[in-house]
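Trainee: This is the content of input08.csv (CSV, C-alpha atoms):
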```
chain,number,residue,atom,x,y,z
A,1,MET,CA,-6.6,-43.7,-43.3
A,2,LYS,CA,-6.4,-44.2,-47.0
A,3,TYR,CA,-6.9,-47.9,-47.9
A,4,PHE,CA,-8.3,-50.2,-50.6
A,5,ILE,CA,-9.2,-53.8,-50.5
A,6,VAL,CA,-7.9,-56.4,-53.0
A,7,ILE,CA,-10.1,-59.5,-53.4
A,8,CYS,CA,-8.3,-62.3,-55.2
A,9,GLY,CA,-8.0,-66.0,-55.3
A,10,ASP,CA,-9.2,-69.1,-57.0
A,11,LEU,CA,-11.7,-69.3,-59.9
A,12,ALA,CA,-15.3,-69.9,-58.6
A,13,ALA,CA,-14.3,-69.3,-55.0
A,14,GLY,CA,-16.9,-66.6,-54.4
A,15,LYS,CA,-14.7,-63.5,-54.9
A,16,SER,CA,-17.5,-61.3,-56.5
A,17,THR,CA,-20.2,-62.5,-54.1
A,18,TYR,CA,-18.2,-61.7,-51.0
A,19,GLY,CA,-16.7,-58.6,-52.5
A,20,LYS,CA,-20.1,-57.1,-53.0
A,21,LYS,CA,-21.1,-58.0,-49.4
A,22,VAL,CA,-18.0,-56.3,-48.1
A,23,SER,CA,-18.7,-53.3,-50.2
A,24,LYS,CA,-22.2,-53.0,-48.8
A,25,GLU,CA,-21.0,-53.5,-45.3
A,26,LEU,CA,-18.3,-50.8,-45.5
A,27,GLN,CA,-20.2,-48.6,-47.9
A,28,ILE,CA,-17.4,-48.3,-50.3
A,29,PRO,CA,-17.4,-48.9,-54.1
A,30,PHE,CA,-16.7,-52.3,-55.5
A,31,PHE,CA,-15.0,-52.7,-58.9
A,32,SER,CA,-14.8,-56.1,-60.7
A,33,LYS,CA,-12.5,-56.5,-63.7
A,34,ASP,CA,-15.0,-59.1,-65.0
A,35,LYS,CA,-17.8,-56.5,-64.9
A,36,ILE,CA,-15.7,-54.1,-66.9
A,37,LYS,CA,-15.0,-56.9,-69.4
A,38,GLU,CA,-18.7,-57.6,-69.7
A,39,ILE,CA,-19.4,-53.9,-70.5
A,40,LEU,CA,-16.7,-53.7,-73.1
A,41,PHE,CA,-17.8,-57.0,-74.7
A,42,ASP,CA,-21.4,-55.8,-74.9
A,43,SER,CA,-20.5,-52.4,-76.3
A,44,MET,CA,-18.5,-54.1,-79.1
A,45,ASN,CA,-21.4,-56.4,-80.0
A,46,ASN,CA,-19.1,-59.4,-79.9
A,47,ARG,CA,-20.5,-62.9,-80.1
A,48,ASN,CA,-18.9,-66.3,-80.6
A,49,LEU,CA,-15.4,-65.1,-79.9
A,50,SER,CA,-12.6,-67.6,-79.1
A,51,TYR,CA,-11.1,-67.8,-75.7
A,52,GLU,CA,-8.0,-65.9,-76.9
A,53,GLU,CA,-10.1,-63.1,-78.4
A,54,LYS,CA,-11.9,-62.8,-75.1
A,55,ARG,CA,-8.5,-62.6,-73.3
A,56,LYS,CA,-7.7,-59.5,-75.5
A,57,ILE,CA,-10.9,-57.8,-74.2
A,58,GLY,CA,-9.8,-58.9,-70.7
A,59,ALA,CA,-6.5,-57.1,-71.2
A,60,SER,CA,-8.3,-53.9,-72.1
A,61,SER,CA,-10.5,-54.4,-69.1
A,62,TYR,CA,-7.4,-54.4,-66.9
A,63,ALA,CA,-6.3,-51.1,-68.3
A,64,VAL,CA,-9.6,-49.5,-67.4
A,65,PHE,CA,-9.6,-51.3,-64.1
A,66,TYR,CA,-6.3,-49.9,-63.0
A,67,ASN,CA,-7.2,-46.4,-64.3
A,68,ILE,CA,-10.2,-46.5,-62.0
A,69,ALA,CA,-8.1,-47.5,-59.1
A,70,GLU,CA,-5.6,-44.7,-59.7
A,71,GLN,CA,-8.4,-42.1,-60.1
A,72,LEU,CA,-9.9,-43.2,-56.8
A,73,MET,CA,-6.5,-42.9,-55.1
A,74,GLU,CA,-6.0,-39.5,-56.5
A,75,ALA,CA,-9.3,-38.6,-54.8
A,76,ASN,CA,-8.3,-40.2,-51.5
A,77,GLN,CA,-11.2,-42.7,-51.6
A,78,ALA,CA,-11.5,-46.2,-50.1
A,79,PHE,CA,-12.6,-48.9,-52.6
A,80,ILE,CA,-12.5,-52.6,-53.4
A,81,LEU,CA,-10.8,-54.2,-56.5
A,82,GLU,CA,-11.8,-57.8,-57.3
A,83,SER,CA,-10.2,-59.9,-60.0
A,84,ASN,CA,-8.2,-63.0,-60.9
A,85,PHE,CA,-5.0,-61.1,-60.1
A,86,ILE,CA,-1.7,-62.6,-61.3
A,87,LYS,CA,1.9,-62.0,-60.1
A,88,GLU,CA,2.4,-59.2,-62.6
A,89,SER,CA,-0.4,-57.3,-61.0
A,90,GLU,CA,1.6,-56.9,-57.8
A,91,ASP,CA,4.0,-54.3,-59.4
A,92,ILE,CA,1.2,-52.1,-60.7
A,93,LEU,CA,-0.7,-52.1,-57.4
A,94,LYS,CA,2.5,-51.6,-55.3
A,95,THR,CA,3.4,-48.6,-57.5
A,96,PHE,CA,0.0,-47.1,-56.8
A,97,ILE,CA,0.4,-47.9,-53.0
A,98,SER,CA,3.7,-46.1,-52.9
A,99,LYS,CA,2.7,-43.2,-55.1
A,100,TYR,CA,-0.5,-42.4,-53.2
A,101,ASP,CA,0.5,-43.7,-49.7
A,102,TYR,CA,-2.3,-46.2,-49.5
A,103,LYS,CA,-2.8,-49.2,-47.3
A,104,CYS,CA,-3.8,-52.4,-49.1
A,105,ILE,CA,-5.9,-55.1,-47.4
A,106,THR,CA,-5.8,-58.4,-49.3
A,107,ILE,CA,-8.5,-61.0,-49.0
A,108,LYS,CA,-7.7,-64.3,-50.8
A,109,PHE,CA,-10.5,-66.8,-51.5
A,110,ILE,CA,-9.3,-70.3,-51.8
A,111,GLY,CA,-10.7,-73.8,-51.5
A,112,ASP,CA,-10.3,-77.5,-52.4
A,113,LEU,CA,-9.4,-77.3,-56.1
A,114,LYS,CA,-11.5,-80.3,-57.0
A,115,VAL,CA,-14.6,-78.8,-55.4
A,116,LEU,CA,-14.0,-75.4,-56.9
A,117,HIS,CA,-13.4,-77.0,-60.3
A,118,GLU,CA,-16.8,-78.6,-60.2
A,119,ARG,CA,-18.3,-75.3,-59.1
A,120,PHE,CA,-16.5,-73.6,-62.0
A,121,LYS,CA,-17.8,-76.0,-64.6
A,122,GLN,CA,-21.4,-75.6,-63.3
A,123,ARG,CA,-21.1,-71.8,-63.5
A,124,GLU,CA,-19.3,-72.0,-66.9
A,125,TYR,CA,-22.2,-73.8,-68.6
A,126,SER,CA,-24.9,-71.9,-66.8
A,127,GLU,CA,-27.2,-69.7,-68.8
A,128,GLU,CA,-26.6,-66.9,-66.4
A,129,ARG,CA,-22.9,-66.8,-67.2
A,130,HIS,CA,-22.0,-63.7,-69.3
A,131,GLN,CA,-20.7,-64.7,-72.7
A,132,SER,CA,-17.5,-62.6,-72.3
A,133,LEU,CA,-16.6,-64.7,-69.3
A,134,VAL,CA,-17.2,-68.2,-70.7
A,135,ALA,CA,-13.8,-69.9,-71.2
A,136,ASN,CA,-14.9,-72.0,-74.2
A,137,GLY,CA,-13.9,-75.2,-72.4
A,138,LYS,CA,-10.4,-74.0,-71.6
A,139,PHE,CA,-10.7,-75.2,-68.0
A,140,ASP,CA,-12.9,-78.2,-68.4
A,141,SER,CA,-10.0,-80.5,-67.6
A,142,PHE,CA,-8.9,-80.5,-63.9
A,143,GLU,CA,-5.3,-80.2,-65.0
A,144,GLU,CA,-5.9,-76.9,-66.9
A,145,TYR,CA,-7.9,-75.6,-64.0
A,146,GLU,CA,-5.2,-76.5,-61.5
A,147,LYS,CA,-2.5,-74.8,-63.6
A,148,GLN,CA,-4.5,-71.6,-63.7
A,149,SER,CA,-5.1,-71.9,-59.9
A,150,ILE,CA,-1.4,-72.1,-59.2
A,151,ILE,CA,-0.8,-69.0,-61.2
A,152,LEU,CA,-3.6,-67.1,-59.3
A,153,ARG,CA,-2.3,-68.3,-55.9
A,154,ASP,CA,1.1,-66.8,-56.7
A,155,PHE,CA,-0.3,-63.3,-56.4
A,156,LYS,CA,0.6,-61.9,-53.0
A,157,MET,CA,0.4,-58.3,-51.8
A,158,ASN,CA,0.9,-58.4,-48.1
A,159,ASP,CA,-0.6,-60.0,-45.0
A,160,GLU,CA,-3.5,-61.7,-46.5
A,161,ILE,CA,-6.8,-62.7,-45.0
A,162,ILE,CA,-7.3,-66.2,-46.3
A,163,ILE,CA,-10.9,-67.5,-46.6
A,164,ASP,CA,-11.6,-71.1,-47.5
A,165,THR,CA,-14.8,-71.3,-49.5
A,166,THR,CA,-14.8,-75.0,-50.2
A,167,ASP,CA,-18.1,-75.1,-48.3
A,168,PHE,CA,-19.9,-71.8,-48.4
A,169,SER,CA,-22.0,-72.8,-45.3
A,170,LYS,CA,-18.9,-72.7,-43.2
A,171,VAL,CA,-17.8,-69.2,-44.2
A,172,ASN,CA,-18.2,-66.8,-41.3
A,173,PHE,CA,-18.9,-63.3,-42.9
A,174,GLU,CA,-18.8,-61.6,-39.5
A,175,SER,CA,-15.3,-63.0,-38.9
A,176,ILE,CA,-14.2,-61.7,-42.4
A,177,MET,CA,-15.5,-58.2,-41.5
A,178,LYS,CA,-13.9,-58.2,-38.1
A,179,GLN,CA,-10.5,-59.1,-39.7
A,180,ILE,CA,-10.9,-56.3,-42.4
A,181,LYS,CA,-11.9,-53.7,-39.8
A,182,GLU,CA,-8.9,-54.6,-37.6
A,183,ARG,CA,-6.6,-54.1,-40.6
A,184,ILE,CA,-8.3,-50.8,-41.5
A,185,THR,CA,-7.8,-49.4,-38.0
A,186,GLY,CA,-4.4,-51.0,-37.5
A,187,GLU,CA,-5.5,-52.6,-34.2
```
Would you kindly transcribe this structure into structure tokens?
Mentor:
Amino acid sequence: MKYFIVICGDLAAGKSTYGKKVSKELQIPFFSKDKIKEILFDSMNNRNLSYEEKRKIGASSYAVFYNIAEQLMEANQAFILESNFIKESEDILKTFISKYDYKCITIKFIGDLKVLHERFKQREYSEERHQSLVANGKFDSFEEYEKQSIILRDFKMNDEIIIDTTDFSKVNFESIMKQIKERITGE
């Protein structure tokens, strides 16, 4: 069966962390739009860009991201796409699904927005955060973070596996994998 996995959801909900774990477990490639953005940013030697300038690099990242997805579908490969998908992404992915006769498995990571907002701010000001991903204070206020979260939660592809990551210690990875494998096999 030809399939790909979409990992989406709230900011700072653990999408990349769990996406990489799923990739390792299933032994299929994992592609993060943010990683592509980091590579483009570094290749352009950009520093001290505004949030809007970083968003333009992000738009270019999506073009590369979707091209990778289509190339993998043309080669009949399974893979994982992880991003802060928005409603407009649905049409692009649904076009690919129809064109290449693929099954899409969607995993949406959500949580209590106040908890995730605090997690986001910690990550935002961490020295480990890649400069291309720093939002320059755009989501420091809970109201702005909440607005963005509502936009991200509007993305819906199909029957979603919903994972609450408010408390990482309560996330059952084995259960996530069981649900994914059931959807892959159709059982």
Trainee: Just to confirm, what's the straight-line distance from CA of Lys103 in chain A to CA of Asn84 in chain A in Å (one decimal)?
Mentor: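 A separation of 20.1 Å between them.
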Trainee: Could you tell me which of A:Ile7, A:Met177, A:Ala59, A:Ile36 comes closest to Glu82 in chain A if we count all atoms listed in the file?
Mentor: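 Nearest to Glu82 in chain A: A:Ile7.
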Trainee: Do a neighbour search on Thr106 in chain A at 7 Å with all atoms listed in the file, toss out local chain neighbours closer than 6 positions, and write the hits as a list in words.
Mentor: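 Contacts, with the query itself left out: Ile5, Val6, Ile7, Met157, Asn158, Asp159, Glu160 and Ile161 of chain A.
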Trainee: Applying 8 Å and all atoms listed in the file, which residues near range 122-129 of chain A remain after dropping the ones on its own chain fewer than 5 positions away? List them as an mmCIF file with C-alpha atoms, in the coordinates of the input.
Mentor:
```cif
data_model
loop_
_atom_site.group_PDB
_atom_site.id
_atom_site.type_symbol
_atom_site.label_atom_id
_atom_site.label_comp_id
_atom_site.auth_asym_id
_atom_site.auth_seq_id
_atom_site.Cartn_x
_atom_site.Cartn_y
_atom_site.Cartn_z
ATOM 1 C CA ALA A 12 -15.300 -69.900 -58.600
ATOM 2 C CA VAL A 134 -17.200 -68.200 -70.700
ATOM 3 C CA ALA A 135 -13.800 -69.900 -71.200
#
```
Trainee: Show me, as a list of chain:residue names, the residues that have an atom within 10 Å of Asn48 in chain A when counting all atoms listed in the file, minus same-chain residues fewer than 4 positions from it.
Mentor: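 Residues meeting the cut-off are A:Glu53, A:Lys54, A:Gln131, A:Ser132, A:Asn136.
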Trainee: Between CA of Phe139 in chain A and CA of His117 in chain A, what distance in Å does the model show, to one decimal?
Mentor: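 We find that CA of Phe139 in chain A and CA of His117 in chain A lie 8.4 Å from each other.
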Trainee: A:Gln77, A:Ser32, A:Thr17, A:Thr95: which is nearest Thr165 in chain A, counting all atoms listed in the file?
Mentor: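 Closest to Thr165 in chain A, using all atoms listed in the file: A:Thr17.
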Trainee: Have a look at A:Lys108, A:Arg119, A:Lys99, A:Lys56 and name the one nearest to Asp167 in chain A; count only C-alpha atoms.
Mentor: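 For Asp167 in chain A, the nearest of the given residues is A:Arg119.
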Trainee: Would you compute the distance between CA of Ile150 in chain A and CA of Arg55 in chain A? Give it in Å to one decimal.
Mentor: 18.4 Å
Trainee: Of the residues A:Lys33, A:Lys2, A:Arg153, A:Lys170, which is the one nearest to Ile107 in chain A, using all atoms listed in the file?
Mentor: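 Of all the options, A:Arg153 lies closest to Ile107 in chain A.
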Trainee: Assuming the input is short of atoms at range 64-91 of chain A, produce N, CA and C atoms for that part as a PDB file, in the frame of the given file.
Mentor:
```
ATOM      1  N   VAL A  64      -8.556 -50.352 -68.000  1.00  0.00           N
ATOM      2  CA  VAL A  64      -9.600 -49.500 -67.400  1.00  0.00           C
ATOM      3  C   VAL A  64      -9.675 -49.686 -65.921  1.00  0.00           C
ATOM      4  N   PHE A  65      -9.596 -50.914 -65.472  1.00  0.00           N
ATOM      5  CA  PHE A  65      -9.600 -51.300 -64.100  1.00  0.00           C
ATOM      6  C   PHE A  65      -8.577 -50.535 -63.256  1.00  0.00           C
ATOM      7  N   TYR A  66      -7.339 -50.574 -63.748  1.00  0.00           N
ATOM      8  CA  TYR A  66      -6.300 -49.900 -63.000  1.00  0.00           C
ATOM      9  C   TYR A  66      -6.384 -48.390 -63.109  1.00  0.00           C
ATOM     10  N   ASN A  67      -6.925 -47.880 -64.199  1.00  0.00           N
ATOM     11  CA  ASN A  67      -7.200 -46.400 -64.300  1.00  0.00           C
ATOM     12  C   ASN A  67      -8.186 -45.996 -63.244  1.00  0.00           C
ATOM     13  N   ILE A  68      -9.238 -46.770 -63.073  1.00  0.00           N
ATOM     14  CA  ILE A  68     -10.200 -46.500 -62.000  1.00  0.00           C
ATOM     15  C   ILE A  68      -9.574 -46.428 -60.671  1.00  0.00           C
ATOM     16  N   ALA A  69      -8.755 -47.428 -60.382  1.00  0.00           N
ATOM     17  CA  ALA A  69      -8.100 -47.500 -59.100  1.00  0.00           C
ATOM     18  C   ALA A  69      -7.217 -46.246 -58.860  1.00  0.00           C
ATOM     19  N   GLU A  70      -6.467 -45.871 -59.871  1.00  0.00           N
ATOM     20  CA  GLU A  70      -5.600 -44.700 -59.700  1.00  0.00           C
ATOM     21  C   GLU A  70      -6.425 -43.418 -59.526  1.00  0.00           C
ATOM     22  N   GLN A  71      -7.510 -43.288 -60.267  1.00  0.00           N
ATOM     23  CA  GLN A  71      -8.400 -42.100 -60.100  1.00  0.00           C
ATOM     24  C   GLN A  71      -8.947 -42.021 -58.698  1.00  0.00           C
ATOM     25  N   LEU A  72      -9.348 -43.158 -58.149  1.00  0.00           N
ATOM     26  CA  LEU A  72      -9.900 -43.200 -56.800  1.00  0.00           C
ATOM     27  C   LEU A  72      -8.806 -42.820 -55.767  1.00  0.00           C
ATOM     28  N   MET A  73      -7.594 -43.284 -55.994  1.00  0.00           N
ATOM     29  CA  MET A  73      -6.500 -42.900 -55.100  1.00  0.00           C
ATOM     30  C   MET A  73      -6.184 -41.448 -55.153  1.00  0.00           C
ATOM     31  N   GLU A  74      -6.211 -40.897 -56.347  1.00  0.00           N
ATOM     32  CA  GLU A  74      -6.000 -39.500 -56.500  1.00  0.00           C
ATOM     33  C   GLU A  74      -7.023 -38.657 -55.710  1.00  0.00           C
ATOM     34  N   ALA A  75      -8.224 -39.226 -55.572  1.00  0.00           N
ATOM     35  CA  ALA A  75      -9.300 -38.600 -54.800  1.00  0.00           C
ATOM     36  C   ALA A  75      -9.371 -38.989 -53.375  1.00  0.00           C
ATOM     37  N   ASN A  76      -8.380 -39.780 -52.929  1.00  0.00           N
ATOM     38  CA  ASN A  76      -8.300 -40.200 -51.500  1.00  0.00           C
ATOM     39  C   ASN A  76      -9.528 -41.032 -51.082  1.00  0.00           C
ATOM     40  N   GLN A  77     -10.022 -41.891 -51.944  1.00  0.00           N
ATOM     41  CA  GLN A  77     -11.200 -42.700 -51.600  1.00  0.00           C
ATOM     42  C   GLN A  77     -10.842 -44.135 -51.297  1.00  0.00           C
ATOM     43  N   ALA A  78     -11.625 -44.721 -50.421  1.00  0.00           N
ATOM     44  CA  ALA A  78     -11.500 -46.200 -50.100  1.00  0.00           C
ATOM     45  C   ALA A  78     -12.341 -46.888 -51.202  1.00  0.00           C
ATOM     46  N   PHE A  79     -11.904 -48.109 -51.567  1.00  0.00           N
ATOM     47  CA  PHE A  79     -12.600 -48.900 -52.600  1.00  0.00           C
ATOM     48  C   PHE A  79     -12.157 -50.320 -52.561  1.00  0.00           C
ATOM     49  N   ILE A  80     -12.842 -51.152 -53.339  1.00  0.00           N
ATOM     50  CA  ILE A  80     -12.500 -52.600 -53.400  1.00  0.00           C
ATOM     51  C   ILE A  80     -12.251 -52.916 -54.895  1.00  0.00           C
ATOM     52  N   LEU A  81     -11.165 -53.671 -55.140  1.00  0.00           N
ATOM     53  CA  LEU A  81     -10.800 -54.200 -56.500  1.00  0.00           C
ATOM     54  C   LEU A  81     -10.946 -55.724 -56.392  1.00  0.00           C
ATOM     55  N   GLU A  82     -11.673 -56.320 -57.317  1.00  0.00           N
ATOM     56  CA  GLU A  82     -11.800 -57.800 -57.300  1.00  0.00           C
ATOM     57  C   GLU A  82     -11.442 -58.289 -58.725  1.00  0.00           C
ATOM     58  N   SER A  83     -10.574 -59.309 -58.740  1.00  0.00           N
ATOM     59  CA  SER A  83     -10.200 -59.900 -60.000  1.00  0.00           C
ATOM     60  C   SER A  83      -9.424 -61.191 -59.780  1.00  0.00           C
ATOM     61  N   ASN A  84      -9.126 -61.859 -60.902  1.00  0.00           N
ATOM     62  CA  ASN A  84      -8.200 -63.000 -60.900  1.00  0.00           C
ATOM     63  C   ASN A  84      -6.812 -62.410 -61.068  1.00  0.00           C
ATOM     64  N   PHE A  85      -6.311 -61.782 -60.021  1.00  0.00           N
ATOM     65  CA  PHE A  85      -5.000 -61.100 -60.100  1.00  0.00           C
ATOM     66  C   PHE A  85      -3.900 -62.180 -60.287  1.00  0.00           C
ATOM     67  N   ILE A  86      -2.889 -61.786 -61.056  1.00  0.00           N
ATOM     68  CA  ILE A  86      -1.700 -62.600 -61.300  1.00  0.00           C
ATOM     69  C   ILE A  86      -0.485 -61.896 -60.719  1.00  0.00           C
ATOM     70  N   LYS A  87       0.627 -62.588 -60.648  1.00  0.00           N
ATOM     71  CA  LYS A  87       1.900 -62.000 -60.100  1.00  0.00           C
ATOM     72  C   LYS A  87       2.220 -60.666 -60.662  1.00  0.00           C
ATOM     73  N   GLU A  88       2.052 -60.506 -61.967  1.00  0.00           N
ATOM     74  CA  GLU A  88       2.400 -59.200 -62.600  1.00  0.00           C
ATOM     75  C   GLU A  88       1.584 -58.065 -62.115  1.00  0.00           C
ATOM     76  N   SER A  89       0.433 -58.329 -61.551  1.00  0.00           N
ATOM     77  CA  SER A  89      -0.400 -57.300 -61.000  1.00  0.00           C
ATOM     78  C   SER A  89       0.198 -56.630 -59.773  1.00  0.00           C
ATOM     79  N   GLU A  90       1.027 -57.382 -59.083  1.00  0.00           N
ATOM     80  CA  GLU A  90       1.600 -56.900 -57.800  1.00  0.00           C
ATOM     81  C   GLU A  90       2.384 -55.569 -58.090  1.00  0.00           C
ATOM     82  N   ASP A  91       3.206 -55.520 -59.129  1.00  0.00           N
ATOM     83  CA  ASP A  91       4.000 -54.300 -59.400  1.00  0.00           C
ATOM     84  C   ASP A  91       3.140 -53.105 -59.640  1.00  0.00           C
TER      85      ASP A  91
END
```
